[in-house]
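The file model_4.pdb contains PDB, N, CA and C atoms:
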ATOM      1  N   THR A 586       1.914  13.293   2.439
ATOM      2  CA  THR A 586       2.746  14.123   1.586
ATOM      3  C   THR A 586       1.911  14.602   0.419
ATOM      4  N   GLU A 587       1.925  15.871   0.167
ATOM      5  CA  GLU A 587       1.136  16.431  -0.925
ATOM      6  C   GLU A 587       1.964  16.535  -2.185
ATOM      7  N   ALA A 588       1.298  16.749  -3.313
ATOM      8  CA  ALA A 588       1.972  16.892  -4.598
ATOM      9  C   ALA A 588       3.035  17.979  -4.496
ATOM     10  N   GLY A 589       4.207  17.701  -5.014
ATOM     11  CA  GLY A 589       5.286  18.669  -4.997
ATOM     12  C   GLY A 589       6.118  18.659  -3.730
ATOM     13  N   VAL A 590       5.742  17.875  -2.734
ATOM     14  CA  VAL A 590       6.481  17.802  -1.475
ATOM     15  C   VAL A 590       7.196  16.462  -1.408
ATOM     16  N   GLN A 591       8.511  16.504  -1.311
ATOM     17  CA  GLN A 591       9.286  15.265  -1.227
ATOM     18  C   GLN A 591       8.923  14.494   0.037
ATOM     19  N   PRO A 592       8.724  13.191  -0.074
ATOM     20  CA  PRO A 592       8.442  12.405   1.135
ATOM     21  C   PRO A 592       9.663  12.360   2.041
ATOM     22  N   SER A 593       9.416  12.130   3.304
ATOM     23  CA  SER A 593      10.522  12.075   4.259
ATOM     24  C   SER A 593      10.540  10.739   4.999
ATOM     25  N   GLY A 594      10.296   9.671   4.240
ATOM     26  CA  GLY A 594      10.320   8.340   4.818
ATOM     27  C   GLY A 594      11.727   7.778   4.871
ATOM     28  N   VAL A 595      11.841   6.527   5.264
ATOM     29  CA  VAL A 595      13.149   5.894   5.439
ATOM     30  C   VAL A 595      13.374   4.717   4.491
ATOM     31  N   LEU A 596      12.442   4.467   3.573
ATOM     32  CA  LEU A 596      12.586   3.345   2.648
ATOM     33  C   LEU A 596      13.104   3.837   1.299
ATOM     34  N   ASP A 597      14.132   3.192   0.779
ATOM     35  CA  ASP A 597      14.629   3.522  -0.552
ATOM     36  C   ASP A 597      13.850   2.712  -1.573
ATOM     37  N   LEU A 598      12.837   3.340  -2.155
ATOM     38  CA  LEU A 598      12.004   2.697  -3.171
ATOM     39  C   LEU A 598      12.263   3.304  -4.536
ATOM     40  N   SER A 599      13.511   3.725  -4.755
ATOM     41  CA  SER A 599      13.869   4.354  -6.025
ATOM     42  C   SER A 599      14.097   3.328  -7.140
ATOM     43  N   LYS A 600      14.054   2.050  -6.807
ATOM     44  CA  LYS A 600      14.143   1.000  -7.822
ATOM     45  C   LYS A 600      12.973   0.038  -7.609
ATOM     46  N   PRO A 601      12.647  -0.777  -8.604
ATOM     47  CA  PRO A 601      11.474  -1.659  -8.491
ATOM     48  C   PRO A 601      11.520  -2.537  -7.242
ATOM     49  N   TYR A 602      10.359  -2.704  -6.627
ATOM     50  CA  TYR A 602      10.268  -3.442  -5.376
ATOM     51  C   TYR A 602       9.010  -4.307  -5.375
ATOM     52  N   ARG A 603       8.970  -5.193  -4.413
ATOM     53  CA  ARG A 603       7.823  -6.073  -4.192
ATOM     54  C   ARG A 603       7.437  -5.967  -2.715
ATOM     55  N   LEU A 604       6.164  -5.788  -2.483
ATOM     56  CA  LEU A 604       5.606  -5.747  -1.136
ATOM     57  C   LEU A 604       4.694  -6.963  -1.008
ATOM     58  N   ARG A 605       4.943  -7.786   0.008
ATOM     59  CA  ARG A 605       4.132  -8.985   0.226
ATOM     60  C   ARG A 605       3.638  -9.004   1.667
ATOM     61  N   PHE A 606       2.399  -9.454   1.850
ATOM     62  CA  PHE A 606       1.888  -9.688   3.189
ATOM     63  C   PHE A 606       0.723 -10.664   3.117
ATOM     64  N   THR A 607       0.370 -11.194   4.270
ATOM     65  CA  THR A 607      -0.721 -12.145   4.383
ATOM     66  C   THR A 607      -1.854 -11.497   5.168
ATOM     67  N   VAL A 608      -3.053 -11.522   4.597
ATOM     68  CA  VAL A 608      -4.239 -11.075   5.324
ATOM     69  C   VAL A 608      -4.789 -12.303   6.036
ATOM     70  N   THR A 609      -4.813 -12.260   7.356
ATOM     71  CA  THR A 609      -5.300 -13.400   8.130
ATOM     72  C   THR A 609      -6.736 -13.209   8.614
ATOM     73  N   ALA A 610      -7.238 -11.984   8.539
ATOM     74  CA  ALA A 610      -8.633 -11.703   8.886
ATOM     75  C   ALA A 610      -9.032 -10.392   8.223
ATOM     76  N   ALA A 611     -10.256 -10.348   7.714
ATOM     77  CA  ALA A 611     -10.798  -9.124   7.118
ATOM     78  C   ALA A 611     -12.317  -9.201   7.176
ATOM     79  N   ALA A 612     -12.930  -8.109   7.588
ATOM     80  CA  ALA A 612     -14.390  -8.060   7.671
ATOM     81  C   ALA A 612     -14.841  -6.620   7.510
ATOM     82  N   GLY A 613     -16.071  -6.474   7.057
ATOM     83  CA  GLY A 613     -16.643  -5.144   6.882
ATOM     84  C   GLY A 613     -16.910  -4.854   5.426
ATOM     85  N   THR A 614     -17.585  -3.747   5.185
ATOM     86  CA  THR A 614     -18.011  -3.426   3.829
ATOM     87  C   THR A 614     -17.078  -2.452   3.115
ATOM     88  N   GLY A 615     -16.118  -1.899   3.808
ATOM     89  CA  GLY A 615     -15.244  -0.891   3.211
ATOM     90  C   GLY A 615     -14.008  -1.485   2.568
ATOM     91  N   ASN A 616     -13.166  -0.591   2.068
ATOM     92  CA  ASN A 616     -11.914  -0.956   1.410
ATOM     93  C   ASN A 616     -10.734  -0.765   2.338
ATOM     94  N   PHE A 617      -9.678  -1.519   2.049
ATOM     95  CA  PHE A 617      -8.384  -1.180   2.624
ATOM     96  C   PHE A 617      -7.430  -0.915   1.483
ATOM     97  N   GLN A 618      -6.497  -0.002   1.727
ATOM     98  CA  GLN A 618      -5.593   0.468   0.692
ATOM     99  C   GLN A 618      -4.150   0.419   1.178
ATOM    100  N   VAL A 619      -3.252   0.320   0.194
ATOM    101  CA  VAL A 619      -1.824   0.484   0.449
ATOM    102  C   VAL A 619      -1.374   1.638  -0.434
ATOM    103  N   TYR A 620      -0.784   2.643   0.190
ATOM    104  CA  TYR A 620      -0.274   3.818  -0.514
ATOM    105  C   TYR A 620       1.239   3.899  -0.347
ATOM    106  N   VAL A 621       1.891   4.521  -1.312
ATOM    107  CA  VAL A 621       3.297   4.881  -1.180
ATOM    108  C   VAL A 621       3.370   6.410  -1.246
ATOM    109  N   ASP A 622       4.057   7.003  -0.293
ATOM    110  CA  ASP A 622       4.306   8.451  -0.247
ATOM    111  C   ASP A 622       3.036   9.290  -0.247
ATOM    112  N   ASN A 623       1.999   8.828   0.426
ATOM    113  CA  ASN A 623       0.767   9.607   0.491
ATOM    114  C   ASN A 623       0.036   9.282   1.784
ATOM    115  N   ASN A 624      -0.029  10.238   2.693
ATOM    116  CA  ASN A 624      -0.793  10.045   3.923
ATOM    117  C   ASN A 624      -1.951  11.037   4.005
ATOM    118  N   THR A 625      -2.416  11.483   2.840
ATOM    119  CA  THR A 625      -3.562  12.394   2.788
ATOM    120  C   THR A 625      -4.816  11.590   2.486
ATOM    121  N   THR A 626      -5.934  12.254   2.338
ATOM    122  CA  THR A 626      -7.207  11.572   2.109
ATOM    123  C   THR A 626      -7.474  11.243   0.647
ATOM    124  N   GLY A 627      -6.637  11.718  -0.268
ATOM    125  CA  GLY A 627      -6.888  11.474  -1.684
ATOM    126  C   GLY A 627      -5.687  10.927  -2.409
ATOM    127  N   ALA A 628      -5.928   9.987  -3.319
ATOM    128  CA  ALA A 628      -4.835   9.371  -4.082
ATOM    129  C   ALA A 628      -4.105  10.396  -4.951
ATOM    130  N   GLY A 629      -4.800  11.440  -5.362
ATOM    131  CA  GLY A 629      -4.184  12.448  -6.215
ATOM    132  C   GLY A 629      -3.338  13.466  -5.461
ATOM    133  N   ASN A 630      -3.266  13.356  -4.143
ATOM    134  CA  ASN A 630      -2.522  14.312  -3.320
ATOM    135  C   ASN A 630      -1.105  13.837  -3.034
ATOM    136  N   SER A 631      -0.468  13.260  -3.994
ATOM    137  CA  SER A 631       0.850  12.667  -3.796
ATOM    138  C   SER A 631       1.849  13.279  -4.752
ATOM    139  N   ILE A 632       3.098  13.185  -4.393
ATOM    140  CA  ILE A 632       4.165  13.611  -5.294
ATOM    141  C   ILE A 632       4.129  12.822  -6.600
ATOM    142  N   HIS A 633       3.521  11.653  -6.577
ATOM    143  CA  HIS A 633       3.453  10.798  -7.767
ATOM    144  C   HIS A 633       2.213  11.054  -8.619
ATOM    145  N   ALA A 634       1.417  12.052  -8.287
ATOM    146  CA  ALA A 634       0.188  12.336  -9.026
ATOM    147  C   ALA A 634       0.454  12.688 -10.488
ATOM    148  N   ALA A 635       1.646  13.181 -10.801
ATOM    149  CA  ALA A 635       1.969  13.509 -12.191
ATOM    150  C   ALA A 635       1.990  12.255 -13.067
ATOM    151  N   ILE A 636       2.296  11.104 -12.467
ATOM    152  CA  ILE A 636       2.274   9.833 -13.205
ATOM    153  C   ILE A 636       0.834   9.458 -13.526
ATOM    154  N   GLY A 637      -0.046   9.693 -12.580
ATOM    155  CA  GLY A 637      -1.466   9.384 -12.706
ATOM    156  C   GLY A 637      -2.135   9.674 -11.383
ATOM    157  N   SER A 638      -3.417   9.968 -11.409
ATOM    158  CA  SER A 638      -4.097  10.416 -10.189
ATOM    159  C   SER A 638      -4.127   9.353  -9.098
ATOM    160  N   THR A 639      -3.953   8.097  -9.452
ATOM    161  CA  THR A 639      -3.961   7.041  -8.434
ATOM    162  C   THR A 639      -2.615   6.320  -8.347
ATOM    163  N   ALA A 640      -1.556   6.922  -8.844
ATOM    164  CA  ALA A 640      -0.248   6.252  -8.854
ATOM    165  C   ALA A 640       0.241   5.904  -7.460
ATOM    166  N   SER A 641      -0.111   6.693  -6.470
ATOM    167  CA  SER A 641       0.358   6.404  -5.113
ATOM    168  C   SER A 641      -0.440   5.287  -4.443
ATOM    169  N   ARG A 642      -1.609   4.950  -4.979
ATOM    170  CA  ARG A 642      -2.425   3.876  -4.406
ATOM    171  C   ARG A 642      -2.031   2.566  -5.077
ATOM    172  N   LEU A 643      -1.298   1.750  -4.355
ATOM    173  CA  LEU A 643      -0.804   0.496  -4.908
ATOM    174  C   LEU A 643      -1.829  -0.618  -4.842
ATOM    175  N   LEU A 644      -2.788  -0.504  -3.930
ATOM    176  CA  LEU A 644      -3.801  -1.546  -3.748
ATOM    177  C   LEU A 644      -5.050  -0.937  -3.159
ATOM    178  N   GLN A 645      -6.196  -1.378  -3.637
ATOM    179  CA  GLN A 645      -7.474  -1.070  -3.001
ATOM    180  C   GLN A 645      -8.335  -2.323  -3.105
ATOM    181  N   THR A 646      -8.722  -2.862  -1.962
ATOM    182  CA  THR A 646      -9.472  -4.115  -1.916
ATOM    183  C   THR A 646     -10.616  -3.997  -0.922
ATOM    184  N   ALA A 647     -11.781  -4.478  -1.304
ATOM    185  CA  ALA A 647     -12.905  -4.534  -0.374
ATOM    186  C   ALA A 647     -12.655  -5.662   0.618
ATOM    187  N   ALA A 648     -12.762  -5.354   1.886
ATOM    188  CA  ALA A 648     -12.497  -6.356   2.925
ATOM    189  C   ALA A 648     -13.383  -7.582   2.759
ATOM    190  N   ASN A 649     -14.648  -7.374   2.424
ATOM    191  CA  ASN A 649     -15.563  -8.513   2.316
ATOM    192  C   ASN A 649     -15.389  -9.305   1.018
ATOM    193  N   SER A 650     -14.477  -8.860   0.140
ATOM    194  CA  SER A 650     -14.206  -9.641  -1.074
ATOM    195  C   SER A 650     -13.208 -10.768  -0.815
ATOM    196  N   ILE A 651     -12.554 -10.737   0.331
ATOM    197  CA  ILE A 651     -11.622 -11.803   0.693
ATOM    198  C   ILE A 651     -12.415 -12.845   1.465
ATOM    199  N   THR A 652     -12.530 -14.022   0.879
ATOM    200  CA  THR A 652     -13.375 -15.051   1.479
ATOM    201  C   THR A 652     -12.591 -16.264   1.953
ATOM    202  N   THR A 653     -11.315 -16.353   1.600
ATOM    203  CA  THR A 653     -10.479 -17.473   2.015
ATOM    204  C   THR A 653      -9.248 -16.940   2.727
ATOM    205  N   PHE A 654      -8.973 -17.499   3.881
ATOM    206  CA  PHE A 654      -7.827 -17.067   4.679
ATOM    207  C   PHE A 654      -6.900 -18.251   4.918
ATOM    208  N   PRO A 655      -5.625 -18.052   4.950
ATOM    209  CA  PRO A 655      -4.936 -16.775   4.744
ATOM    210  C   PRO A 655      -4.975 -16.364   3.271
ATOM    211  N   HIS A 656      -4.949 -15.060   3.040
ATOM    212  CA  HIS A 656      -4.997 -14.471   1.696
ATOM    213  C   HIS A 656      -3.662 -13.776   1.437
ATOM    214  N   GLU A 657      -2.958 -14.211   0.431
ATOM    215  CA  GLU A 657      -1.642 -13.646   0.115
ATOM    216  C   GLU A 657      -1.793 -12.440  -0.809
ATOM    217  N   VAL A 658      -1.109 -11.361  -0.487
ATOM    218  CA  VAL A 658      -1.101 -10.148  -1.302
ATOM    219  C   VAL A 658       0.328  -9.913  -1.775
ATOM    220  N   VAL A 659       0.488  -9.697  -3.089
ATOM    221  CA  VAL A 659       1.783  -9.378  -3.669
ATOM    222  C   VAL A 659       1.593  -8.143  -4.538
ATOM    223  N   ILE A 660       2.362  -7.115  -4.254
ATOM    224  CA  ILE A 660       2.312  -5.865  -5.020
ATOM    225  C   ILE A 660       3.703  -5.622  -5.592
ATOM    226  N   GLU A 661       3.797  -5.451  -6.897
ATOM    227  CA  GLU A 661       5.063  -5.097  -7.535
ATOM    228  C   GLU A 661       4.922  -3.701  -8.110
ATOM    229  N   SER A 662       5.907  -2.848  -7.823
ATOM    230  CA  SER A 662       5.807  -1.455  -8.248
ATOM    231  C   SER A 662       7.191  -0.847  -8.414
ATOM    232  N   ASP A 663       7.225   0.273  -9.123
ATOM    233  CA  ASP A 663       8.441   1.072  -9.211
ATOM    234  C   ASP A 663       8.141   2.527  -8.850
ATOM    235  N   VAL A 664       6.985   2.753  -8.216
ATOM    236  CA  VAL A 664       6.614   4.093  -7.769
ATOM    237  C   VAL A 664       7.238   4.330  -6.398
ATOM    238  N   GLY A 665       8.099   5.315  -6.309
ATOM    239  CA  GLY A 665       8.721   5.636  -5.041
ATOM    240  C   GLY A 665       9.938   6.518  -5.227
ATOM    241  N   THR A 666      10.557   6.874  -4.120
ATOM    242  CA  THR A 666      11.746   7.729  -4.122
ATOM    243  C   THR A 666      12.782   7.104  -3.180
ATOM    244  N   ALA A 667      13.887   7.769  -3.023
ATOM    245  CA  ALA A 667      14.922   7.298  -2.094
ATOM    246  C   ALA A 667      14.527   7.517  -0.639
ATOM    247  N   THR A 668      13.453   8.279  -0.410
ATOM    248  CA  THR A 668      12.981   8.548   0.965
ATOM    249  C   THR A 668      11.475   8.294   1.073
ATOM    250  N   SER A 669      11.050   7.121   0.653
ATOM    251  CA  SER A 669       9.628   6.788   0.612
ATOM    252  C   SER A 669       9.109   6.218   1.925
ATOM    253  N   PHE A 670       7.775   6.115   1.987
ATOM    254  CA  PHE A 670       7.100   5.456   3.090
ATOM    255  C   PHE A 670       5.834   4.797   2.560
ATOM    256  N   PHE A 671       5.339   3.801   3.289
ATOM    257  CA  PHE A 671       4.073   3.147   2.965
ATOM    258  C   PHE A 671       3.025   3.551   3.982
ATOM    259  N   GLN A 672       1.786   3.569   3.529
ATOM    260  CA  GLN A 672       0.644   3.724   4.420
ATOM    261  C   GLN A 672      -0.327   2.592   4.105
ATOM    262  N   ILE A 673      -0.724   1.863   5.128
ATOM    263  CA  ILE A 673      -1.792   0.878   4.996
ATOM    264  C   ILE A 673      -2.960   1.446   5.781
ATOM    265  N   ARG A 674      -4.080   1.657   5.095
ATOM    266  CA  ARG A 674      -5.219   2.255   5.781
ATOM    267  C   ARG A 674      -6.484   1.481   5.475
ATOM    268  N   ALA A 675      -7.427   1.582   6.351
ATOM    269  CA  ALA A 675      -8.722   0.924   6.184
ATOM    270  C   ALA A 675      -9.830   1.935   6.393
ATOM    271  N   ASP A 676     -10.858   1.859   5.548
ATOM    272  CA  ASP A 676     -12.039   2.702   5.732
ATOM    273  C   ASP A 676     -12.675   2.398   7.081
ATOM    274  N   SER A 677     -13.436   3.330   7.595
ATOM    275  CA  SER A 677     -14.052   3.136   8.908
ATOM    276  C   SER A 677     -15.044   1.979   8.922
ATOM    277  N   SER A 678     -15.540   1.570   7.774
ATOM    278  CA  SER A 678     -16.481   0.446   7.737
ATOM    279  C   SER A 678     -15.775  -0.907   7.623
ATOM    280  N   VAL A 679     -14.443  -0.923   7.646
ATOM    281  CA  VAL A 679     -13.707  -2.176   7.784
ATOM    282  C   VAL A 679     -13.630  -2.460   9.277
ATOM    283  N   THR A 680     -14.277  -3.522   9.706
ATOM    284  CA  THR A 680     -14.385  -3.793  11.138
ATOM    285  C   THR A 680     -13.265  -4.681  11.662
ATOM    286  N   ASN A 681     -12.536  -5.325  10.772
ATOM    287  CA  ASN A 681     -11.412  -6.148  11.188
ATOM    288  C   ASN A 681     -10.454  -6.284  10.003
ATOM    289  N   LEU A 682      -9.191  -6.040  10.246
ATOM    290  CA  LEU A 682      -8.155  -6.265   9.244
ATOM    291  C   LEU A 682      -6.888  -6.654   9.983
ATOM    292  N   THR A 683      -6.431  -7.863   9.735
ATOM    293  CA  THR A 683      -5.214  -8.348  10.368
ATOM    294  C   THR A 683      -4.261  -8.802   9.276
ATOM    295  N   ILE A 684      -3.037  -8.251   9.319
ATOM    296  CA  ILE A 684      -2.028  -8.668   8.350
ATOM    297  C   ILE A 684      -0.836  -9.244   9.102
ATOM    298  N   ASP A 685      -0.103 -10.089   8.412
ATOM    299  CA  ASP A 685       1.048 -10.756   9.003
ATOM    300  C   ASP A 685       2.097 -10.922   7.906
ATOM    301  N   ASN A 686       3.315 -11.180   8.304
ATOM    302  CA  ASN A 686       4.414 -11.507   7.381
ATOM    303  C   ASN A 686       4.660 -10.432   6.323
ATOM    304  N   LEU A 687       4.757  -9.181   6.740
ATOM    305  CA  LEU A 687       5.028  -8.084   5.823
ATOM    306  C   LEU A 687       6.482  -8.138   5.366
ATOM    307  N   VAL A 688       6.692  -8.193   4.040
ATOM    308  CA  VAL A 688       8.039  -8.261   3.458
ATOM    309  C   VAL A 688       8.139  -7.217   2.357
ATOM    310  N   ILE A 689       9.224  -6.444   2.393
ATOM    311  CA  ILE A 689       9.539  -5.486   1.340
ATOM    312  C   ILE A 689      10.871  -5.918   0.754
ATOM    313  N   GLU A 690      10.897  -6.130  -0.567
ATOM    314  CA  GLU A 690      12.136  -6.596  -1.196
ATOM    315  C   GLU A 690      12.285  -5.952  -2.563
ATOM    316  N   TYR A 691      13.544  -5.803  -2.985
ATOM    317  CA  TYR A 691      13.809  -5.302  -4.330
ATOM    318  C   TYR A 691      13.594  -6.411  -5.333
ATOM    319  N   GLN A 692      13.117  -6.056  -6.525
ATOM    320  CA  GLN A 692      12.917  -7.051  -7.591
ATOM    321  C   GLN A 692      14.217  -7.333  -8.302
TER     322      GLN A 692
END
What does this structure look like when you write it as structure tokens?
Amino acid sequence: TEAGVQPSGVLDLSKPYRLRFTVTAAAGTGNFQVYVDNNTTGAGNSIHAAIGSTASRLLQTAANSITTFPHEVVIESDVGTATSFFQIRADSSVTNLTIDNLVIEYQ
């Protein structure tokens, strides 16, 4: 979704929420990211860019920085709309990324 285009997802993230998941494996030199309402190549290409150029990027972590498994990830945010979606993506140099126990809950 680009700036100025309403997302067409199915998650109501119009109020504060928490996203939790467990990383059970991660390898490689690249980053993995969690975005809300942005499936483009740049963090600034989101409807939320007016808040800040990286407002849609909720997490960016180098895969090789996680050295103990399982690794718990907790993200708390209020960035979203009534029709939001999440994107979890990994750079091509991330050779393994396994997540489990994905939970989305309101705060």
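Counting from atom CA of A:Asn623, the distance to atom N of A:Asp597 is 14.8 Å.
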Which of stretch 587-647 of chain A DSSP labels strand (DSSP E or B), written as a PyMOL selection string: chain A and resi 596+602-613+616-621+642-647
Neighbour list for stretch 686-690 of chain A as a ChimeraX atom specification, cut-off 12 Å, only C-alpha atoms, skip fewer than 2 positions in-chain: /A:596-598,600-609,655-663,670-671,673,683-684,692
Can I get the selection written as a JSON list (two decimals), keeping the file's coordinate frame, with N, CA and C atoms?
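Just written: again_21.json:
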[["chain", "number", "residue", "atom", "x", "y", "z"],
["A", 596, "LEU", "N", 12.44, 4.47, 3.57],
["A", 596, "LEU", "CA", 12.59, 3.34, 2.65],
["A", 596, "LEU", "C", 13.10, 3.84, 1.30],
["A", 597, "ASP", "N", 14.13, 3.19, 0.78],
["A", 597, "ASP", "CA", 14.63, 3.52, -0.55],
["A", 597, "ASP", "C", 13.85, 2.71, -1.57],
["A", 598, "LEU", "N", 12.84, 3.34, -2.15],
["A", 598, "LEU", "CA", 12.00, 2.70, -3.17],
["A", 598, "LEU", "C", 12.26, 3.30, -4.54],
["A", 600, "LYS", "N", 14.05, 2.05, -6.81],
["A", 600, "LYS", "CA", 14.14, 1.00, -7.82],
["A", 600, "LYS", "C", 12.97, 0.04, -7.61],
["A", 601, "PRO", "N", 12.65, -0.78, -8.60],
["A", 601, "PRO", "CA", 11.47, -1.66, -8.49],
["A", 601, "PRO", "C", 11.52, -2.54, -7.24],
["A", 602, "TYR", "N", 10.36, -2.70, -6.63],
["A", 602, "TYR", "CA", 10.27, -3.44, -5.38],
["A", 602, "TYR", "C", 9.01, -4.31, -5.38],
["A", 603, "ARG", "N", 8.97, -5.19, -4.41],
["A", 603, "ARG", "CA", 7.82, -6.07, -4.19],
["A", 603, "ARG", "C", 7.44, -5.97, -2.72],
["A", 604, "LEU", "N", 6.16, -5.79, -2.48],
["A", 604, "LEU", "CA", 5.61, -5.75, -1.14],
["A", 604, "LEU", "C", 4.69, -6.96, -1.01],
["A", 605, "ARG", "N", 4.94, -7.79, 0.01],
["A", 605, "ARG", "CA", 4.13, -8.98, 0.23],
["A", 605, "ARG", "C", 3.64, -9.00, 1.67],
["A", 606, "PHE", "N", 2.40, -9.45, 1.85],
["A", 606, "PHE", "CA", 1.89, -9.69, 3.19],
["A", 606, "PHE", "C", 0.72, -10.66, 3.12],
["A", 607, "THR", "N", 0.37, -11.19, 4.27],
["A", 607, "THR", "CA", -0.72, -12.14, 4.38],
["A", 607, "THR", "C", -1.85, -11.50, 5.17],
["A", 608, "VAL", "N", -3.05, -11.52, 4.60],
["A", 608, "VAL", "CA", -4.24, -11.08, 5.32],
["A", 608, "VAL", "C", -4.79, -12.30, 6.04],
["A", 609, "THR", "N", -4.81, -12.26, 7.36],
["A", 609, "THR", "CA", -5.30, -13.40, 8.13],
["A", 609, "THR", "C", -6.74, -13.21, 8.61],
["A", 655, "PRO", "N", -5.62, -18.05, 4.95],
["A", 655, "PRO", "CA", -4.94, -16.77, 4.74],
["A", 655, "PRO", "C", -4.97, -16.36, 3.27],
["A", 656, "HIS", "N", -4.95, -15.06, 3.04],
["A", 656, "HIS", "CA", -5.00, -14.47, 1.70],
["A", 656, "HIS", "C", -3.66, -13.78, 1.44],
["A", 657, "GLU", "N", -2.96, -14.21, 0.43],
["A", 657, "GLU", "CA", -1.64, -13.65, 0.12],
["A", 657, "GLU", "C", -1.79, -12.44, -0.81],
["A", 658, "VAL", "N", -1.11, -11.36, -0.49],
["A", 658, "VAL", "CA", -1.10, -10.15, -1.30],
["A", 658, "VAL", "C", 0.33, -9.91, -1.78],
["A", 659, "VAL", "N", 0.49, -9.70, -3.09],
["A", 659, "VAL", "CA", 1.78, -9.38, -3.67],
["A", 659, "VAL", "C", 1.59, -8.14, -4.54],
["A", 660, "ILE", "N", 2.36, -7.12, -4.25],
["A", 660, "ILE", "CA", 2.31, -5.86, -5.02],
["A", 660, "ILE", "C", 3.70, -5.62, -5.59],
["A", 661, "GLU", "N", 3.80, -5.45, -6.90],
["A", 661, "GLU", "CA", 5.06, -5.10, -7.54],
["A", 661, "GLU", "C", 4.92, -3.70, -8.11],
["A", 662, "SER", "N", 5.91, -2.85, -7.82],
["A", 662, "SER", "CA", 5.81, -1.46, -8.25],
["A", 662, "SER", "C", 7.19, -0.85, -8.41],
["A", 663, "ASP", "N", 7.22, 0.27, -9.12],
["A", 663, "ASP", "CA", 8.44, 1.07, -9.21],
["A", 663, "ASP", "C", 8.14, 2.53, -8.85],
["A", 670, "PHE", "N", 7.78, 6.12, 1.99],
["A", 670, "PHE", "CA", 7.10, 5.46, 3.09],
["A", 670, "PHE", "C", 5.83, 4.80, 2.56],
["A", 671, "PHE", "N", 5.34, 3.80, 3.29],
["A", 671, "PHE", "CA", 4.07, 3.15, 2.96],
["A", 671, "PHE", "C", 3.02, 3.55, 3.98],
["A", 673, "ILE", "N", -0.72, 1.86, 5.13],
["A", 673, "ILE", "CA", -1.79, 0.88, 5.00],
["A", 673, "ILE", "C", -2.96, 1.45, 5.78],
["A", 683, "THR", "N", -6.43, -7.86, 9.74],
["A", 683, "THR", "CA", -5.21, -8.35, 10.37],
["A", 683, "THR", "C", -4.26, -8.80, 9.28],
["A", 684, "ILE", "N", -3.04, -8.25, 9.32],
["A", 684, "ILE", "CA", -2.03, -8.67, 8.35],
["A", 684, "ILE", "C", -0.84, -9.24, 9.10],
["A", 692, "GLN", "N", 13.12, -6.06, -6.52],
["A", 692, "GLN", "CA", 12.92, -7.05, -7.59],
["A", 692, "GLN", "C", 14.22, -7.33, -8.30]]
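Checking A:Leu644, A:Ala667, A:Ala610, A:Val590 one by one against A:Ser631, counting all atoms listed in the file, you find the shortest gap at A:Val590.
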Protein, DNA and RNA residues within 10 Å of (-2.5, 8.0, -1.3), only C-alpha atoms, as a PyMOL selection string: chain A and resi 586-587+618-634+638-644+671-674
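We find atom N of A:Phe654 and atom N of A:Asn681 to be spaced 14.4 Å apart.
Restricting the calculation to only N, CA and C atoms, the smallest distance between A:Val679 and any of A:Gly637, A:Gly613, A:Pro592, A:Gly665 is found for A:Gly613.
Residues of chain A assigned to helix (DSSP H, G or I) by DSSP on this structure's backbone: Ile632, His633, Ala634, Ala635, Ala648, Asn649 and Ser650 of chain A.
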Restrict the selected residues to N, CA and C atoms and save them as a PDB file, in the frame of the given file.
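Printed below is result_36.pdb as written:
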ATOM      1  N   ILE A 632       3.098  13.185  -4.393  1.00  0.00           N
ATOM      2  CA  ILE A 632       4.165  13.611  -5.294  1.00  0.00           C
ATOM      3  C   ILE A 632       4.129  12.822  -6.600  1.00  0.00           C
ATOM      4  N   HIS A 633       3.521  11.653  -6.577  1.00  0.00           N
ATOM      5  CA  HIS A 633       3.453  10.798  -7.767  1.00  0.00           C
ATOM      6  C   HIS A 633       2.213  11.054  -8.619  1.00  0.00           C
ATOM      7  N   ALA A 634       1.417  12.052  -8.287  1.00  0.00           N
ATOM      8  CA  ALA A 634       0.188  12.336  -9.026  1.00  0.00           C
ATOM      9  C   ALA A 634       0.454  12.688 -10.488  1.00  0.00           C
ATOM     10  N   ALA A 635       1.646  13.181 -10.801  1.00  0.00           N
ATOM     11  CA  ALA A 635       1.969  13.509 -12.191  1.00  0.00           C
ATOM     12  C   ALA A 635       1.990  12.255 -13.067  1.00  0.00           C
ATOM     13  N   ALA A 648     -12.762  -5.354   1.886  1.00  0.00           N
ATOM     14  CA  ALA A 648     -12.497  -6.356   2.925  1.00  0.00           C
ATOM     15  C   ALA A 648     -13.383  -7.582   2.759  1.00  0.00           C
ATOM     16  N   ASN A 649     -14.648  -7.374   2.424  1.00  0.00           N
ATOM     17  CA  ASN A 649     -15.563  -8.513   2.316  1.00  0.00           C
ATOM     18  C   ASN A 649     -15.389  -9.305   1.018  1.00  0.00           C
ATOM     19  N   SER A 650     -14.477  -8.860   0.140  1.00  0.00           N
ATOM     20  CA  SER A 650     -14.206  -9.641  -1.074  1.00  0.00           C
ATOM     21  C   SER A 650     -13.208 -10.768  -0.815  1.00  0.00           C
TER      22      SER A 650
END
Two-atom distance - atom CA of A:Ala648, atom N of A:Gly615 (Å): 5.8 Å
Polymer residues at most 8 Å from A:Thr614, all atoms listed in the file, same-chain spacing of 3 or more positions, as a list in words: Ala611, Phe617, Thr646, Ala647, Ala648, Asn649, Ser650, Asp676, Ser677, Ser678, Val679, Thr680 and Asn681 of chain A
